[in-house]
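This report concerns only the one structure given below.
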Amino acid sequence: MQFEFLVAERARHLASVVLLLCATACSGGSKAPILANGGGNQSNGRGNGSGGSGNGSGGKASTDGGLDGSVHVIDCTSVDCGLHGVCSVDSTTNMAKCTCDKGYIVNAGSATGACIEDVNCIELRALECDARWGSPGSAIGITVSASYCSGRPDTGIKPTDLTVEEKAATEDWKSLPPETPTTVVDRKFASHVYFAVDVSQSIQDSKVLAKVATAISGMLDELAKTADPPRVAVWAFDGKPYLYPVLSETTDLAQAKTQLAAKLGSFKGRDPQATNLFGAVKYVLDKLERSIELKSIIDEDGLLSAGTAIIISDGDDETGTYTFQQTQDAIAAHVHKVITVGLGKNANFPKLTMLGRDGSFSVADPSMLSVAFDSVSANIKRFTDSLRFIGYCSPKRGNTFSARVRIKGSNDVVCNYDATYFTDGCSSATFDPKKECASLQCGDLLGCGECAAGQCCLHGQCMGPSTASKDADCGAEWMCDPALTCNFNAAPNVCATTVASSEACDSGSSLCDPDVDYCFSSDPKTMPTTCAPRGGIGTPCKTNEECASGHCDRDPDKPGANSYSCRPIALMFEHCTAGGSATSCEKGTYCDPGDSTCKAQLWHQLPCTFNAQCRSGVCEMAVGGRMVCAGEDRCYFPLQL
């Protein structure tokens with residue numbers, strides 16, 4: 001029996017597959033995986049975009065060919081709708097009828113009328129909305145994924161299938177003028193494949209973890225055969241509000257298999273009595289987005305990427321850490337593919353199935369895991385071939401506008417841009433990789449390349465990271481040379497000298513070295529403030545300044561505790577305020593006061609309100625009186641995942 005795994009997605013970079021396994025008991029017959037699939041809408045990039053919607057379900061049944069799916073029998077015993085439909089009897093007509101999954105239609109021309117894929121139904125999703133100004137100054141890039149409404153990637157899209165339109169706020173949609181041709185560029189994409197495996201008690205009791213590890217290893221074998229193997233990572237989860245790292249992101253798939261065999265089959269968490277499925281979905285999507293964003297900052301989008309989330313479970317959420325709606329909202333906020341795989345009877349995990357925006361499997365018997373993962377790997381390969389980079393030179397000058405893309409009879413994908421800095425100079429050569437990337441090692445709108453480990457990209461060239469000297473502008477402590485710190489009380493913020501431990505300090509000219517000390521007084525009313533040592537991980541604290549990591553927060557293993565302690569440095573999307581102060585978020589991020597989480601720093605010319613938001617560390621007044629991030633004069637850091 002054949003079946004397929006339907007996938008679709010966006011990513012501002014072709015990123016990853018997330019595999020979440022929730023198991024309760026894996027029992028039953030040797031039923032093949034059943035697939036359901038759907039779609040969603042997304043936004044991202046330096047512009048933003050949206051497109052795609054739908055849902056579906058899997059099942060088994062058939063018809064004898066009625067145009068409406070009905071057959072001339074009164075029960076479904078002899079009716080087989082195929083793998084992508086369900087037979088039911090109409091209570092009014094007493095006739096059996098096939099209801100097909102999303103993206104499938106009744107095959108009226110066949111003897112059985114089984115549900116077949118509707119190849120005339122295409123769904124489009126924006127993975128990245130990008131633009132470049134300066135020289136050339138109006139280049140638009142829109143990366144999209146195309147799939148059939150069933151979820152299977154469509155690799156047959158041609159430039160002649162495209163419709164591209166623009167409009168300003170007060171205009172109607174208009175096709176691009178004849179002097180503005182649209183180009184479809186064949187670009188290289190990076191694939192990140194993340195797995196998250198439920199290790200709660202039910203899966204421990206079912207003894208299925210070793211089979212899961214074997215199935216994932218088989219999938220990695222298939223992916224290793226591709227020209228550009230994906231970057232993979234493996235996570236585990238139970239009832240805790242976080243995931244356990246099993247395998248850090250790597251492209252060494254042989255080593256990944258070795259670690260999986262050694263660790264996953266016998267992995268045990270700290271709270272096996274519960275399953276935080278909804279929290280795991282959000283967590284793993286954030287981890288995926290973090291990897292893509294950091295890589296993008298360091299390589300200046302040198303390698304286009306995209307992502308997929310695959311969630312496997314035989315049960316739904318038990319902890320209530322997040323609601324089902326919050327989880328759906330988290331999925332909608334990302335363009336990564338989200339695929340679910342359920343182990344056991346699908347009646348045990350209806351919410352899991354509904355979360356499979358881009359496909360869902362029901363694997364009733366563990367023996368079918370390897371077959372399911374074979375289908376996943378095949379679709380990952382096909383998905384890469386379905387991606388399209390659409391480029392053109394926009395005629396817009398000044399103000400904001402929108403671009404709309406459609407392929408054949410698909411839904412619309414809309415990207416929003418700011419043309420304030422658009423100028424002339426863009427041409428067809430802008431979208432010719434051989435010409436545009438000839439002198440560039442990395443970066444560019446086309447994604448001309450990524451830098452080696454320990455390097456970062458600046459103006460198209462790979463180099464070692466550097467820091468800023470005394471009196472140079474800064475937006476974070478780590479931007480300054482060793483023994484200097486960023487003086488946030490100066491205007492503008494600049495790198496300043498520090499005083500030694502135990503010496504007098506203040507918030508102006510006498511600053512402590514943040515890698516060692518913080519300014520402290522046991523009684524500020526009567527005692528002078530001096531530079532006192534910062535505490536290590538686990539040390540009790542009240543403010544972020546007291547910790548060497550710059551991160552004071554509650555221990556997630558003690559959610560009811562009122563006491564705070566020094567935690568590891570706050571990563572992207574993690575909480576970052578304590579005692580009224582912002583933490584030192586990891587390199588490449590800043591603490592957003594709006595929601596108190598670490599966010600990716602902003603690119604050149606994006607609107608800002610303070611220095612730490614910007615990759616350059618400088619938020620300055622620009623044309624038109626608005627504040628935007630200044631261009632970078634150095635690259636500060638290598639990738640640190």
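Labeling convention for the structure tokens: chains A, B, ... as they appear, residues from 1 per chain, ligands from 1 in order of appearance.
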
Would you kindly return, as a PyMOL selection string, each protein, DNA or RNA residue with an atom no farther than 10 Å from any atom of segment 530-538 of chain A, considering only C-alpha atoms and excluding same-chain residues fewer than 2 positions away? chain A and resi 498-506+510-522+527-528+540-541+544-553+555+564-569

Enumerate, in order of chain and increasing residue number, the residues of segment 383-479 of chain A with an atom no farther than 8 Å from segment 186-191 of chain A, each with its shortest atom pair and distance in Å to one decimal, counting only C-alpha atoms, as a tab-separated table.
residue	atom	partner	partner_atom	distance
A:Thr384	CA	A:Phe189	CA	7.1
A:Arg388	CA	A:Asp186	CA	7.1
A:Phe389	CA	A:Asp186	CA	6.9
A:Leu446	CA	A:Arg187	CA	7.2
A:Gly447	CA	A:Arg187	CA	7.6

Can you pull out every residue within 9 Å of Glu222 of chain A, counting only C-alpha atoms, but drop anything in the same chain fewer than 5 positions away, and send it as a ChimeraX atom specification? /A:217,374,377-378

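Note that the spacing between atom CA of Cys451 of chain A and atom CA of Ser145 of chain A amounts to 25.6 Å.
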
Write out as a VMD selection string the residues lying within 6 Å of segment 476-489 of chain A, counting only C-alpha atoms and excluding same-chain residues fewer than 5 positions away. chain A and resid 467 to 469 494 to 498 612

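Comparing A:Thr319, A:Leu162, A:Thr180, A:Leu127 by their smallest distance to His334 of chain A, the closest is A:Leu127 (using only C-alpha atoms).
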
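Across A:Asp329, A:Asp286, A:Glu249, A:Asp358, the tightest approach to Ser150 of chain A is made by A:Asp358 when counting only C-alpha atoms.
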
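The residue that comes closest to Pro241 of chain A, out of A:Phe373, A:Lys207, A:Lys102, A:Asp557 and on the basis of only C-alpha atoms, is A:Asp557.
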
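Comparing the minimum interatomic distances between Phe610 of chain A and each of A:Leu304, A:Val413, A:Ala491, A:Cys635, counting only C-alpha atoms, we find that A:Ala491 sits nearest.
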
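For the pair atom CA of Tyr104 of chain A and atom CA of Val414 of chain A, the separation is 26.1 Å.
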
Near Ala419 of chain A, within 12 Å and counting only C-alpha atoms, which residues show up once chain neighbours fewer than 3 positions away are dropped, as an NGL selection string? :A and (46-47 or 130-134 or 137-140 or 167-168 or 393-403 or 416 or 422-424 or 605-606)

So that I can check the secondary structure, give me every residue of segment 404-595 of chain A assigned alpha helix (DSSP H) by backbone DSSP, as an NGL selection string. :A and (433-436)

Using only C-alpha atoms, find the one residue out of A:Arg626, A:Lys295, A:Arg125, A:Lys587 that sits nearest to Cys614 of chain A. A:Lys587

Counting only C-alpha atoms, what is within 9 Å of Val618 of chain A, bar same-chain residues fewer than 2 positions away, as a CSV table (one decimal) with C-alpha atoms, in the first residue's frame?
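After the write, result_27.csv holds the following:
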chain,number,residue,atom,x,y,z
A,473,ASP,CA,28.8,53.8,19.5
A,474,CYS,CA,27.3,50.7,21.1
A,475,GLY,CA,24.0,49.1,21.8
A,492,PRO,CA,24.8,58.6,22.4
A,493,ASN,CA,25.6,55.2,24.1
A,610,PHE,CA,16.8,52.6,21.0
A,611,ASN,CA,20.3,51.5,20.1
A,612,ALA,CA,20.1,47.9,21.4
A,613,GLN,CA,17.5,47.1,18.9
A,614,CYS,CA,19.9,47.4,16.0
A,615,ARG,CA,22.6,45.1,14.6
A,616,SER,CA,24.9,48.1,14.3
A,620,GLU,CA,19.7,57.3,14.5
A,628,VAL,CA,16.1,53.9,11.9
A,629,CYS,CA,18.9,51.5,12.4
A,630,ALA,CA,22.2,52.7,11.0
A,631,GLY,CA,24.4,50.6,8.7
A,632,GLU,CA,26.9,48.2,10.3

Just the residues within 7 Å of Gly265 of chain A, please, counting only C-alpha atoms, with nothing from its chain fewer than 4 positions along; format it as a PyMOL selection string. chain A and resi 209-210+213+261
